[in-house]
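S.K.: One structure, as structure tokens, below. Some questions next.
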Amino acid sequence: MNPIYIFGHKKPDTDSVCSAIALSHLKNALGFDTEPRILGDLNSETEFVLDYFDIQPPLYLNDVLLQIRDVEYSKNYFCNQEDSLYTAAALMRDNHLNAIPLVDDKQVLTGILSLGDITDKILNFDYTTLNASFDNILNTIEGEAVLRFEDEIKGEIVAPSYSSTTFINDVSLDENNVLIVGDRHSIIEYAINSKVRLIVLTGGSEAREDHLELARANNVNIIKTKLRTFNVVKIIELANYAVTMKSDRELVSFNKNDYVQDFIRTTKNLKYNVFPVVNNFKECTGAIQIRDISNKSRKKVILVDHNEIEQSVDGVEDAEIIEIVDHHKIGTIGTTLPINFRNMPVGSTATIIYMMYKESNIEIPRDIAGIMLASILSDTLSFKSPTTTIIDKETAMALADVAEVDIEALFYQIYSHSSSLKDKTAEEILFSDLKVFNTNNLKVGVSQITVSNVEELESLAEEIGFLLEKSVAEFGYNIIALFATDIFKNGSYIYFSECSRDNWETIFGVSNLEQGAFLPDIISRKQQIIPQLVHTIE
């Protein structure tokens, strides 16, 4: 079973990452199997926070698209290539499939065998040679070993259908023949003297003692069966190794980690419908059919700090969302069933998760308390953001006691790691925390960073402007802007795409808005920027 993945948005910030870690710890303490994940690279601030409280960063989650391993395909369904056709056909019959993967002794895929391959060759009399193990022959014809000198039998099958005299006079036998015969002693003696590879005695016939002595001298294998000659002739070819009749068509197989959508696209024009499934070591794990796709187990996920499809993991539409914990406006993600949706107008997702710990009566460890406190300080800009509530402040003080840290000292270190633009490229500045959403059929992107030295930003202003216009032309943004927030000056510098100039001038009541203009008292993207933008557009 896959664990429940808990993750924030595609542009990880401290609140989304640390809240995922904290919520995963809570859920696991309550008996769930969860793992925190991230959807992108950590920024320097979040790296500092995790390192400061000695917590390993979550693993990266590329997507939650349906994979073959999420489908109830026929697991452990395969046949050793040296098993008999009879065994392979029985497995196909029992599993209601018309083909079966073939593997070697190490379970590595070597081919595929279909019922069509078997029937075509047998019904067209294209296959009258026995190439089988002695044991396969015994099992197929319900035989009993009389004399056994070899473990493998190979030869042309011969079954006398006319008089003994005619057969002996007209048919030459040698060590390359397998004779199927009833109680016809003269033919048996002739075959032994010809040193045939194998004699199959049918109808419960017994070999005479003098024939047995002669057979021992000539190393002639003998099997007896209660089946009649007619029945043995019909089925003995099924004792052949499965590999002798494997399909000649191109072998199409799938890794169990392959996406279901790729499986559907690859197989839609093929005329067969059973395909081997392998692991990363080419070992066969079973077989999948088109019809198996309807019986799938979607990945289970919990979203924190977002509820917009554009901000979430690729393939979230295929996943089973079982819970959302967020402090943003309700977005575009929908579910087919009712879920736990915890959404509160507070300054940080970590504030909500703290309340969930208290409601569940679960003790918060020092390191988890530390990263939750850092989340609140980061998202509320140390309580300077208008999104800050009394609940955030009370929660932060309680977490500071558990984490044994000073709030002001911790925030100073967090801010020093988040506000420096040293060694950052224009792309990193613009796209590291870009929130993307759609409203009124328009694609909107609002990025926000914190700065303490505006000169560092001004040196990159031309490149940022170029990237903004490129995003409009190449990525289809109708409105896109960067807000560089200086909490000590209590405001933000704005850089915007020219096509969205009118929107920003309307929102902030400014005529002839310039690139890099300082907007006093504007520091909250969630409360002051995006709601006003949406209202203006709609």
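Ligands are numbered from 1 in the order shown, chains are lettered A, B, ... in the order of the structure tokens, and residues start at 1 in each chain.
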Leaving out A:Ala191 and any residue of its chain fewer than 6 positions from it, which residues lie within 10 Å of it when counting only C-alpha atoms, given as a list in words?
M.R.: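 Listed by chain and then number, they are Ile168, Ser172, Leu173, Asp174, Glu175, Asn177, Val178, Leu179, His185, Arg197, Leu198, Ile199, Ala215 and Val220 of chain A.
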S.K.: Would you mind exporting the chosen residues as a PDB file, in the first residue's frame, restricted to C-alpha atoms?
M.R.:
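The resulting file, part-v2.pdb, is reproduced below:
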ATOM      1  CA  ILE A 168       7.978 -52.209 -39.384  1.00  0.00           C
ATOM      2  CA  SER A 172      12.267 -46.161 -40.200  1.00  0.00           C
ATOM      3  CA  LEU A 173      12.867 -45.321 -36.542  1.00  0.00           C
ATOM      4  CA  ASP A 174      15.984 -43.974 -34.850  1.00  0.00           C
ATOM      5  CA  GLU A 175      17.131 -42.060 -31.784  1.00  0.00           C
ATOM      6  CA  ASN A 177      11.852 -40.507 -32.640  1.00  0.00           C
ATOM      7  CA  VAL A 178       9.253 -40.607 -29.861  1.00  0.00           C
ATOM      8  CA  LEU A 179       6.902 -43.570 -30.255  1.00  0.00           C
ATOM      9  CA  HIS A 185       4.835 -55.917 -28.818  1.00  0.00           C
ATOM     10  CA  ARG A 197      14.422 -41.636 -27.702  1.00  0.00           C
ATOM     11  CA  LEU A 198      11.190 -42.485 -25.873  1.00  0.00           C
ATOM     12  CA  ILE A 199       8.379 -45.004 -25.929  1.00  0.00           C
ATOM     13  CA  ALA A 215      15.545 -51.127 -23.395  1.00  0.00           C
ATOM     14  CA  VAL A 220      15.535 -46.258 -24.265  1.00  0.00           C
TER      15      VAL A 220
END
S.K.: Within stretch 193-368 of chain A, find each residue whose DSSP state, derived from the backbone, is strand (DSSP E), and express the selection as an MDAnalysis selection string.
M.R.: chainID A and resid 198:201 221:225 254:255 274:278 284:289 300:304 320:326 340:343
S.K.: With a distance cut-off of 8 Å and only C-alpha atoms, select the neighbouring residues of stretch 301-304 of chain A, excluding the residue or stretch itself and same-chain residues fewer than 5 positions from it, and output the selection as a tab-separated table (two decimals) with C-alpha atoms, in the first residue's frame.
M.R.:
chain	number	residue	atom	x	y	z
A	4	ILE	CA	-0.72	9.09	2.09
A	5	TYR	CA	1.33	11.95	0.63
A	6	ILE	CA	1.09	15.33	2.34
A	7	PHE	CA	2.43	18.33	0.45
A	8	GLY	CA	2.14	22.05	-0.15
A	9	HIS	CA	2.15	23.98	-3.41
A	16	SER	CA	3.91	24.88	2.98
A	19	SER	CA	3.20	22.44	7.67
A	20	ALA	CA	3.40	19.28	5.55
A	319	ALA	CA	-5.56	11.30	-6.94
A	320	GLU	CA	-7.94	10.77	-4.04
A	321	ILE	CA	-7.83	13.97	-2.02
A	322	ILE	CA	-8.79	12.99	1.51
A	323	GLU	CA	-8.12	16.27	3.29
A	324	ILE	CA	-7.17	19.92	2.73
A	325	VAL	CA	-5.73	22.27	5.35
A	326	ASP	CA	-5.36	25.83	4.09
A	349	THR	CA	-1.35	27.04	7.80
S.K.: Would you compute the distance between atom CA of A:Gly347 and atom CA of A:Asp379? Give it in Å to one decimal.
M.R.: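 A separation of 6.3 Å between them.
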S.K.: So that I can see what lies close to A:Asn503, please list as number ranges by chain the residues with an atom at most 9 Å from it, counting only C-alpha atoms and leaving out residues fewer than 4 positions away in the same chain.
M.R.: A: 479, 499, 507-508, 533, 536-537
S.K.: Determine which residues of stretch 320-536 of chain A receive a DSSP assignment of alpha helix (DSSP H), computed from the backbone, and state them as a ChimeraX atom specification.
M.R.: /A:349-360,366-380,390-403,407-419,426-431,454-458,461-475,501-508,530-536
S.K.: Next, the residues of the selection above should be written as a CSV table (one decimal), in the first residue's frame with C-alpha atoms.
M.R.:
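again04.csv written:
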chain,number,residue,atom,x,y,z
A,349,THR,CA,-1.3,27.0,7.8
A,350,ALA,CA,0.8,26.1,10.8
A,351,THR,CA,-1.6,27.9,13.0
A,352,ILE,CA,-4.4,25.6,12.0
A,353,ILE,CA,-2.2,22.5,12.4
A,354,TYR,CA,-1.3,23.6,15.9
A,355,MET,CA,-5.0,23.7,16.7
A,356,MET,CA,-5.4,20.1,15.2
A,357,TYR,CA,-2.6,18.9,17.6
A,358,LYS,CA,-4.5,20.3,20.5
A,359,GLU,CA,-7.8,18.9,19.4
A,360,SER,CA,-6.2,15.5,19.1
A,366,ARG,CA,10.5,20.5,20.2
A,367,ASP,CA,11.7,20.3,16.6
A,368,ILE,CA,8.2,20.2,15.1
A,369,ALA,CA,7.2,23.1,17.3
A,370,GLY,CA,10.2,25.0,16.0
A,371,ILE,CA,9.4,24.7,12.3
A,372,MET,CA,5.7,25.5,13.0
A,373,LEU,CA,6.8,28.7,14.7
A,374,ALA,CA,9.1,29.5,11.8
A,375,SER,CA,6.1,29.0,9.4
A,376,ILE,CA,4.0,31.5,11.3
A,377,LEU,CA,6.8,34.1,11.5
A,378,SER,CA,7.5,33.7,7.8
A,379,ASP,CA,4.0,33.9,6.6
A,380,THR,CA,2.9,36.8,8.9
A,390,ILE,CA,-4.6,37.1,17.5
A,391,ILE,CA,-4.7,33.3,17.1
A,392,ASP,CA,-1.4,33.4,15.2
A,393,LYS,CA,0.3,35.5,17.9
A,394,GLU,CA,-1.0,33.2,20.7
A,395,THR,CA,0.0,30.1,18.8
A,396,ALA,CA,3.5,31.5,18.1
A,397,MET,CA,4.1,32.2,21.8
A,398,ALA,CA,3.0,28.7,22.8
A,399,LEU,CA,5.2,27.1,20.1
A,400,ALA,CA,8.2,29.3,21.2
A,401,ASP,CA,7.9,27.9,24.7
A,402,VAL,CA,7.9,24.4,23.4
A,403,ALA,CA,10.8,25.0,21.0
A,407,ILE,CA,10.7,34.8,18.6
A,408,GLU,CA,12.5,38.0,17.6
A,409,ALA,CA,15.9,36.4,17.3
A,410,LEU,CA,14.5,33.5,15.3
A,411,PHE,CA,12.7,35.8,12.9
A,412,TYR,CA,15.8,38.0,12.4
A,413,GLN,CA,17.7,34.9,11.2
A,414,ILE,CA,14.8,33.7,9.0
A,415,TYR,CA,14.5,37.1,7.4
A,416,SER,CA,18.2,37.4,6.8
A,417,HIS,CA,18.0,34.2,4.8
A,418,SER,CA,14.9,35.1,2.9
A,419,SER,CA,15.6,38.8,2.0
A,426,ALA,CA,16.3,37.0,-12.2
A,427,GLU,CA,14.5,33.7,-12.9
A,428,GLU,CA,14.9,32.6,-9.3
A,429,ILE,CA,13.6,35.9,-8.0
A,430,LEU,CA,10.5,35.9,-10.3
A,431,PHE,CA,9.5,32.3,-10.2
A,454,VAL,CA,16.5,47.2,-2.7
A,455,GLU,CA,19.7,48.0,-4.6
A,456,GLU,CA,20.2,44.3,-5.2
A,457,LEU,CA,16.8,44.2,-6.8
A,458,GLU,CA,17.3,47.3,-8.9
A,461,ALA,CA,15.2,45.2,-12.9
A,462,GLU,CA,15.8,45.1,-16.6
A,463,GLU,CA,16.1,41.3,-16.6
A,464,ILE,CA,13.0,40.9,-14.5
A,465,GLY,CA,11.1,43.1,-16.9
A,466,PHE,CA,12.2,41.0,-19.8
A,467,LEU,CA,11.1,37.8,-18.0
A,468,LEU,CA,7.7,39.3,-17.3
A,469,GLU,CA,7.1,40.1,-20.9
A,470,LYS,CA,8.4,36.7,-22.0
A,471,SER,CA,5.9,35.1,-19.6
A,472,VAL,CA,3.1,36.9,-21.3
A,473,ALA,CA,4.3,35.9,-24.8
A,474,GLU,CA,5.4,32.4,-24.2
A,475,PHE,CA,3.4,31.1,-21.2
A,501,ARG,CA,-0.5,48.1,-16.1
A,502,ASP,CA,-4.2,49.3,-16.0
A,503,ASN,CA,-5.1,46.7,-13.6
A,504,TRP,CA,-2.4,47.6,-11.1
A,505,GLU,CA,-3.1,51.4,-11.5
A,506,THR,CA,-6.8,50.7,-10.7
A,507,ILE,CA,-6.1,48.5,-7.7
A,508,PHE,CA,-3.6,50.9,-6.0
A,530,ILE,CA,-4.9,39.0,-5.0
A,531,PRO,CA,-8.4,39.8,-3.6
A,532,GLN,CA,-8.2,43.3,-5.1
A,533,LEU,CA,-7.0,42.0,-8.4
A,534,VAL,CA,-9.7,39.4,-8.7
A,535,HIS,CA,-12.3,42.0,-7.8
A,536,THR,CA,-11.0,44.4,-10.5
S.K.: Check which residues of stretch 231-345 of chain A sit at most 7 Å from stretch 129-153 of chain A using only C-alpha atoms, and return one row each with the closest pair of atoms and their distance in Å to one decimal, ordered by chain and rising number, as a tab-separated table.
M.R.:
residue	atom	partner	partner_atom	distance
A:Val232	CA	A:Ile141	CA	6.3
A:Ile236	CA	A:Ile141	CA	6.4
A:Glu237	CA	A:Leu130	CA	6.2
A:Leu238	CA	A:Thr140	CA	6.9
A:Ala239	CA	A:Ile137	CA	5.0
A:Asn240	CA	A:Ala132	CA	4.4
A:Tyr241	CA	A:Ala132	CA	5.3
S.K.: Would you mind exporting the chosen residues as a CSV table (one decimal), in the first residue's frame, restricted to N, CA and C atoms?
M.R.:
chain,number,residue,atom,x,y,z
A,232,VAL,N,-3.4,-39.4,-26.0
A,232,VAL,CA,-2.0,-39.1,-25.8
A,232,VAL,C,-1.5,-38.3,-27.1
A,236,ILE,N,0.1,-34.7,-26.2
A,236,ILE,CA,1.6,-34.8,-25.8
A,236,ILE,C,2.4,-33.6,-26.2
A,237,GLU,N,1.9,-33.0,-27.3
A,237,GLU,CA,2.7,-31.8,-27.8
A,237,GLU,C,2.6,-30.6,-26.7
A,238,LEU,N,1.6,-30.7,-25.9
A,238,LEU,CA,1.5,-29.7,-24.8
A,238,LEU,C,2.6,-29.9,-23.7
A,239,ALA,N,3.3,-31.0,-23.8
A,239,ALA,CA,4.4,-31.2,-22.9
A,239,ALA,C,5.6,-30.4,-23.3
A,240,ASN,N,5.6,-29.9,-24.5
A,240,ASN,CA,6.8,-29.1,-25.0
A,240,ASN,C,7.0,-27.9,-24.1
A,241,TYR,N,8.3,-27.5,-24.1
A,241,TYR,CA,8.6,-26.2,-23.3
A,241,TYR,C,7.8,-25.1,-23.9
S.K.: Excluding A:Lys296 and any residue of its chain fewer than 6 positions from it, enumerate the residues within 8 Å of it, using only C-alpha atoms, and give them as a PDB file with N, CA and C atoms, in the first residue's frame.
M.R.:
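Wrote selection29.pdb, looks like this:
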ATOM      1  N   ASP A  70      -0.635   1.083  -9.604  1.00  0.00           N
ATOM      2  CA  ASP A  70      -1.869   1.463  -8.930  1.00  0.00           C
ATOM      3  C   ASP A  70      -3.075   0.694  -9.461  1.00  0.00           C
ATOM      4  N   VAL A  71      -2.868  -0.111 -10.487  1.00  0.00           N
ATOM      5  CA  VAL A  71      -3.946  -0.856 -11.134  1.00  0.00           C
ATOM      6  C   VAL A  71      -3.938  -2.299 -10.625  1.00  0.00           C
ATOM      7  N   GLU A  72      -5.106  -2.857 -10.466  1.00  0.00           N
ATOM      8  CA  GLU A  72      -5.205  -4.251 -10.017  1.00  0.00           C
ATOM      9  C   GLU A  72      -4.988  -5.188 -11.206  1.00  0.00           C
TER      10      GLU A  72
END
S.K.: Extract, using only C-alpha atoms, all DNA, RNA and protein residues at most 10 Å from A:Arg525, discarding same-chain residues fewer than 5 positions from it, and format them as a compact mmCIF listing (two decimals) with N, CA and C atoms, in the first residue's frame.
M.R.:
# COMPACT_ATOMS: atom_id res chain seq x y z
N SER A 385 2.16 41.44 8.85
CA SER A 385 1.22 41.30 7.75
C SER A 385 -0.21 41.51 8.24
N PRO A 386 -1.04 42.15 7.41
CA PRO A 386 -2.45 42.34 7.80
C PRO A 386 -3.22 41.03 7.92
N THR A 387 -2.63 39.94 7.45
CA THR A 387 -3.30 38.65 7.60
C THR A 387 -3.16 38.10 9.02
N LYS A 435 2.63 32.50 -7.47
CA LYS A 435 1.31 31.89 -7.30
C LYS A 435 0.52 32.09 -8.60
N VAL A 446 1.16 35.97 -9.59
CA VAL A 446 1.60 37.00 -8.65
C VAL A 446 2.75 36.43 -7.83
N SER A 447 3.93 37.00 -8.00
CA SER A 447 5.12 36.54 -7.29
C SER A 447 5.44 37.52 -6.17
N GLN A 448 6.01 36.97 -5.08
CA GLN A 448 6.38 37.84 -3.95
C GLN A 448 7.68 37.36 -3.34
N PHE A 483 6.15 41.34 -6.58
CA PHE A 483 6.13 42.26 -5.45
C PHE A 483 7.32 41.94 -4.55
N THR A 485 8.84 42.78 -1.12
CA THR A 485 8.35 43.36 0.13
C THR A 485 9.49 43.63 1.11
N ILE A 530 -4.09 39.91 -4.15
CA ILE A 530 -4.91 39.01 -4.98
C ILE A 530 -6.40 39.30 -4.88
N PRO A 531 -6.97 39.51 -3.68
CA PRO A 531 -8.42 39.81 -3.64
C PRO A 531 -8.79 41.06 -4.42
N GLN A 532 -7.95 42.09 -4.33
CA GLN A 532 -8.24 43.32 -5.06
C GLN A 532 -8.12 43.10 -6.57
S.K.: Return the single residue from A:Thr46, A:Asn2, A:Gln81, A:Ser253 that is closest to A:Phe32, with distances computed using only C-alpha atoms.
M.R.: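 When distances to A:Phe32 are compared using only C-alpha atoms, the smallest one comes from A:Asn2.
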S.K.: Near A:Val200, counting only C-alpha atoms, which residues have an atom at most 7 Å away, once you skip same-chain residues fewer than 3 positions from it, shown as a ChimeraX atom specification?
M.R.: /A:179-181,222-224
